Structures are given as C-alpha cells and as structure tokens.
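Since the structure comes first, as structure tokens, the remarks are kept for the end.
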Amino acid sequence: MASNSASQILAITKTAPYSKPMASRFLQSRRPYLNLCCLSQKFSNDNALFCLPNSKSFLLAKELEERNSNNHSPTLREICLDHVPGNVLRRLEEVGYLVPTDVQKEALPVLFSGNDCILHAQTGSGKTLTYLLLIYSQINPKKSAVQALIVVPTRELGMQITKVARMLAAARHMGPELEQKSYTVMALLDGGMLRRHKSWLKAEPPAIVVATIGSLSQLLEKQILKLDSLRVLVVDEVDFLFKSSKQVSSLRKLLTSYSSCNNRQTVFASASILQHRRFRHDCIQQKWTKGDVVHVHVNRIMPMPACLYHRFVICGRKAKHQVLLSLLQSDLPESGIIFVGEQSEKSKKSGQAPSTTAVIDFLRASYEGSLDILLLEEDMNFNSRAASLTDVRKGDGYLLVSTDIVARGIDLPETTHIYNFDLPKTAIDYLHRAGRTCRKPFSDKKYYVTNIILSEERFVLQRFENELMFHCEELTIETQG
Ligand SMILES: Nc1ncnc2c1ncn2[C@@H]1O[C@H](COP(=O)(O)OP(=O)(O)OP(=O)(O)O)[C@@H](O)[C@H]1O
C-alpha cells in the first residue's frame, strides 16, 4: 500500500477482495471521519485507487489492508481461478464485480465441479453472472459451434443477458495469444431478424446463444441450429417457462430430444421455484437433468430481499390516479416502475383503452416532476419496446408504466420505487414485480413497494404477505381534489 498524505490519495494494491460497495460499506461505518460522497475509486488490473477526502484516510487504508490479510471470504477471482479464462476475470474486475454475492459463493463451486444445478435465489442476487461464469469456464472460443444456450421467457430479458455476456467477453487486456479469437454471442429472440441469423448460424455458429423458446424451436426444427456440441444449457425464469402453456412442450422437447442431459451441464434459475423438492424429482425422472442435480437455495427463509419496504394505500377506484400522483410527489423516487394490470380480452373486444394508456395520459397531464414518463407493454411493437428500454437505461430518471412484461428478470438498478397500481394476480408475481427494485447486491439502502388497493383487495394482499412472509404497512394519503 502506498500513501500520499499531501493529496490524501491512497493506492492500495492487492485490493481484489474489495468491491466498491464493500469498501464503501466498510468506510461508511466510519462515517464521522468521512464524507462518502467524496469517495471515488478506480480499478486497474489488480489495483484500486481510493481517493479519500481527509487525513484519516491513511488509518482507514491501513485497516482495510489488515482486513485484506485476515479476510477468509474468497473473492470472485479466487472462486473462478483455474476455471474462468483470465481475460474474462480481468473484465469482471474492470466492471467492479470483485466480491461474490451469496448465490455466486454457494453455486459456483458446485457448477465448476460439473454438477447440474437448480439456482434458487432472491431477485437481484446475481444469478445471471453465476451461470455466465460457468459458461465461460466451459466454452472454447476457437471452436465454431454452439456450446452454450440460455433460454429466456422474453425478448427484453434476452437482450439484457446478451449484453452482459458480450460485456464479459469484451476483454481489453487480452494477451497476444488470445487476441485472435473472442467469444461470439448471438441473440435469437422473438421479433428479431431471423434471416440474418440463419446465414450467420450456418456460416459460423456462435459459441453462446441467448434465445426465446419460439425462435429457438423454429431453428431447431429446420435443423439450422444444431446442439451437438452443447456443453451448458441454462433455462432462466424456469418456473415461468414451465407454467406457460404455449412454451412448455417446446421446452420439454429441447431438454430431452434436441440434446441429452448426459452430454451437457444443465442449469435452471429462478427466484421462485414452488415445490422445489417436487421440481428436483421431476428433473431427474424426466431426464431434464442428471440424477445428481443440486438445488442451491440461498436465503430460504426470506424469499424477498430484506431492503424492500412494503406499503399499501386503500382508496376508491376513481381515486387511484390521484393517489398515485400524491405518492410520486411525496416519495420523490429516483426512478420508479408503475405496474398496471393487463387488459382483459373482454375489454379489448369492447374497444376500451387499456389501463396503461389511462395511467400514462393522466401522468403526462398531471405529473410535474423531472422523471421521463415511459410505457412498455406487450401490445407495443418490438421496436417501440426496445426504444422504451433504451430510454429507461439512459440514466436520466424514469417512471416506467408497464405490465408484467418487465416483471421477470429485467435489471434496472436505478429503480428505487415500485408502485402496484393494480395488484398482481399471484404472490409469485408480487415477488418478481417487487424484485425490480433493490438490485444493488451490497447496498443497504431502502427500496419501496407501494400497493394502491381497493378495500376489498386487502385480503388478497394479506395472503401475499403470509405466503411471502413480509409485512405491509398502511399509509394514509391526502389527495387533492
Ligand atoms: N458480484 C457482484 N458484485 C456486484 N454487483 C453484482 C454482482 N453480481 C451481480 N451484480 C449485479 O446485481 C444485479 C442483479 O443481478 P442479476 O440480474 O443477475 O439478478 P438475478 O438474480 O438474475 O435477479 P432476477 O431473479 O430478478 O432475475 C445486476 O445489476 C448485476 O450487475
């Protein structure tokens, strides 16, 4: 460790066990000494620079270093060493993934030892990185064949996972021996440009494919996509896919006919696997996985993250919009998602506008805050859906009005508030909607889920509370007009 007390800048070497959030948490416990807003950090290959604002910095850095030497909790690098290529590990550190989350700590050793795995951990706990690291440990970039396949329920989630997979593959510090060949990742998602994908698949199959089941099935049936060299198969949001009557038969076929569990490692991931013992049994019976599949269940007594704070407001149907507005005015979210129920077929047939439109129109007319008001729902075309998510990710702050289409897997870490304008249908849907916030694994900030309900819906919410073991606090709102 080197210190420069004049400028109070410290260079701490061998900081691998410390991520920015972890260092921040440590320093936060010494808040009287520090104004954390002034803390910044830069990572190079193995070193980090902590810029600390006052004369206590040397002391703190020394303590950090001591902890460093006493710390037995393995870093992500230590867990992945000998399995994941060095260029991917360096990329991990460049983007700030240094300390493993609980699911990464528990599941990666199991996965690296070759077991099939049911990854069952809270929303926002880092399951994506877990299975991507397994994939990078297994695939050979020099081989031109599909070696890993990730199946997802929606185009939006597929785009997000493709981005993370490509980000890990984009190694800037590769040695000359690795520079010639990098990992290729293809997104085969509903609404994509399938003709272009077909020629690409034939000419030079990518190492990793991220796919929705519909697009995937078409290409498998036409034998344009072959899975002979498949080493890892991941099914993300597995409970959702098995529940979907449209997708389940194609999924079963993929798991047993197009490839065999004996020739691949299989990973099923979700924050909600109901009757998980039964599911594991089915996995083995149906030969979706090998017989020694491991159920990695993290935080089993707490299905939802502890940093979520749940509230409800009871009001009449006509007052809901006004209550939402009052909540936005008092909460001042950094960014928020407003979940609205899907339009029923009956209401569609009668030519009524969907509830999302009514909420959007109301907010555009009445909301005077600085957040962008955006819409994302199934009935929009794929380009408009992508445009909404791009706008959301621009980082200027948003209020995203959406249906359950964004409830599964979508990672928008800036979201501080969730509003259930309409209650979800099931406790599992509640869990996934709520899980669109609280997505910074080492943060101890509080995040809010607020339910705007009619008095007769109170028992439904109470049922969710019992099932998911959380407490929801009543809020009274004074509305204008
Ligand atoms: N080791 C890590 N250190 C810091 N941040 C991490 C780490 N692992 C994952 N993250 C971040 O945590 C967030 C949530 O991760 P991810 O999307 O994988 O959650 P998930 O478990 O798949 O959640 P869901 O069940 O909702 O899909 C992401 O923003 C990701 O970048």
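Note on naming: chains are A, B, ... as they come in the structure tokens, residues start from 1 per chain, ligands start from 1 in the order shown.
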| message | At a cut-off of 6 Å around ligand 1, and using only C-alpha atoms and all ligand atoms, what residues come up? Please write them as number ranges by chain. | response | A: 97-101, 122-129, 270-271, 409, 411, 413, 435, 439-441
Go ahead and save the residues from that selection, with N, CA, C and O atoms, as a CSV table (one decimal), in the first residue's frame.
chain,number,residue,atom,x,y,z
A,97,TYR,N,-17.0,-6.2,-10.5
A,97,TYR,CA,-17.5,-7.4,-9.8
A,97,TYR,C,-16.3,-8.1,-9.1
A,97,TYR,O,-15.6,-8.9,-9.7
A,98,LEU,N,-16.1,-7.8,-7.8
A,98,LEU,CA,-15.0,-8.3,-7.1
A,98,LEU,C,-15.4,-9.3,-6.0
A,98,LEU,O,-14.8,-10.3,-5.8
A,99,VAL,N,-16.4,-8.9,-5.3
A,99,VAL,CA,-16.9,-9.7,-4.2
A,99,VAL,C,-18.1,-10.6,-4.7
A,99,VAL,O,-19.0,-10.1,-5.3
A,100,PRO,N,-18.1,-11.9,-4.4
A,100,PRO,CA,-19.2,-12.7,-4.9
A,100,PRO,C,-20.4,-12.4,-4.0
A,100,PRO,O,-20.4,-12.2,-2.8
A,101,THR,N,-21.6,-12.5,-4.6
A,101,THR,CA,-22.8,-12.4,-3.9
A,101,THR,C,-23.0,-13.8,-3.3
A,101,THR,O,-22.3,-14.8,-3.6
A,122,GLN,N,-32.9,-15.1,-4.3
A,122,GLN,CA,-33.8,-13.9,-4.4
A,122,GLN,C,-33.6,-13.1,-5.7
A,122,GLN,O,-32.5,-13.2,-6.3
A,123,THR,N,-34.5,-12.3,-6.1
A,123,THR,CA,-34.4,-11.4,-7.2
A,123,THR,C,-33.2,-10.5,-6.9
A,123,THR,O,-32.9,-10.1,-5.8
A,124,GLY,N,-32.5,-10.2,-8.0
A,124,GLY,CA,-31.4,-9.2,-7.8
A,124,GLY,C,-30.1,-9.8,-7.1
A,124,GLY,O,-29.3,-9.0,-6.7
A,125,SER,N,-30.1,-11.1,-7.0
A,125,SER,CA,-29.0,-11.7,-6.2
A,125,SER,C,-27.8,-12.1,-7.1
A,125,SER,O,-26.7,-12.5,-6.5
A,126,GLY,N,-27.9,-11.9,-8.4
A,126,GLY,CA,-26.7,-12.2,-9.2
A,126,GLY,C,-26.6,-13.6,-9.8
A,126,GLY,O,-25.6,-14.1,-10.1
A,127,LYS,N,-27.8,-14.1,-10.2
A,127,LYS,CA,-27.8,-15.4,-10.8
A,127,LYS,C,-27.3,-15.4,-12.2
A,127,LYS,O,-26.6,-16.3,-12.6
A,128,THR,N,-27.5,-14.3,-12.9
A,128,THR,CA,-27.0,-14.2,-14.3
A,128,THR,C,-25.5,-14.4,-14.4
A,128,THR,O,-25.0,-15.2,-15.2
A,129,LEU,N,-24.8,-13.6,-13.6
A,129,LEU,CA,-23.3,-13.7,-13.6
A,129,LEU,C,-22.9,-15.1,-13.2
A,129,LEU,O,-21.9,-15.6,-13.7
A,270,SER,N,-34.2,-19.4,-11.1
A,270,SER,CA,-35.3,-18.5,-10.8
A,270,SER,C,-35.3,-18.1,-9.3
A,270,SER,O,-34.6,-18.7,-8.5
A,271,ALA,N,-36.0,-17.0,-9.0
A,271,ALA,CA,-36.2,-16.6,-7.6
A,271,ALA,C,-37.3,-17.3,-7.0
A,271,ALA,O,-37.6,-17.2,-5.8
A,409,GLY,N,-36.9,-10.7,-14.4
A,409,GLY,CA,-35.5,-10.7,-14.8
A,409,GLY,C,-35.0,-9.3,-15.1
A,409,GLY,O,-33.8,-9.1,-15.1
A,411,ASP,N,-33.3,-5.9,-15.3
A,411,ASP,CA,-32.4,-5.3,-14.3
A,411,ASP,C,-32.3,-3.8,-14.5
A,411,ASP,O,-31.6,-3.4,-15.4
A,413,PRO,N,-31.2,-1.1,-12.2
A,413,PRO,CA,-30.7,-0.9,-10.8
A,413,PRO,C,-31.1,0.5,-10.3
A,413,PRO,O,-31.1,0.7,-9.0
A,435,GLY,N,-39.2,-7.3,-7.0
A,435,GLY,CA,-37.8,-7.6,-7.2
A,435,GLY,C,-37.2,-6.7,-8.4
A,435,GLY,O,-36.0,-6.8,-8.7
A,439,ARG,N,-31.7,-3.8,-6.5
A,439,ARG,CA,-30.9,-4.6,-7.4
A,439,ARG,C,-29.4,-4.2,-7.3
A,439,ARG,O,-28.7,-4.4,-8.3
A,440,LYS,N,-29.0,-3.7,-6.1
A,440,LYS,CA,-27.6,-3.4,-6.0
A,440,LYS,C,-27.1,-4.3,-4.8
A,440,LYS,O,-27.3,-4.0,-3.7
A,441,PRO,N,-26.5,-5.5,-5.1
A,441,PRO,CA,-26.3,-6.5,-4.1
A,441,PRO,C,-25.7,-6.1,-2.8
A,441,PRO,O,-26.1,-6.6,-1.8
| query | If you run DSSP on this backbone, which residues of stretch 93-136 of chain A come out as alpha helix (DSSP H), and could you give them as a list in words? | reply |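 After running DSSP on the backbone, stretch 93-136 of chain A has alpha helix (DSSP H) at Glu93, Glu94, Asp102, Val103, Gln104, Lys105, Glu106, Ala107, Leu108, Pro109, Val110, Leu111, Phe112, Lys127, Thr128, Leu129, Thr130, Tyr131, Leu132, Leu133, Leu134, Ile135 and Tyr136 of chain A.
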| request: Run DSSP on the backbone and give me the residues of stretch 280-460 of chain A it puts in strand (DSSP E), as an MDAnalysis selection string. | output: chainID A and resid 294:297 308:314 336:339 372:376 398:402 417:420 447:453
| message | Quick one: residues within 9 Å of stretch 235-239 of chain A, only C-alpha atoms, excluding same-chain residues fewer than 5 positions away - as number ranges by chain? | response | A: 128, 149-153, 244, 266-274, 408-409
| message | Let me make sure I understand: among A:Pro305, A:Lys198, A:Lys253, A:Arg231, which one has the smallest atom-to-atom distance to A:Ser217 if we use only C-alpha atoms? | response |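 Result for the nearest residue to A:Ser217: A:Lys253.
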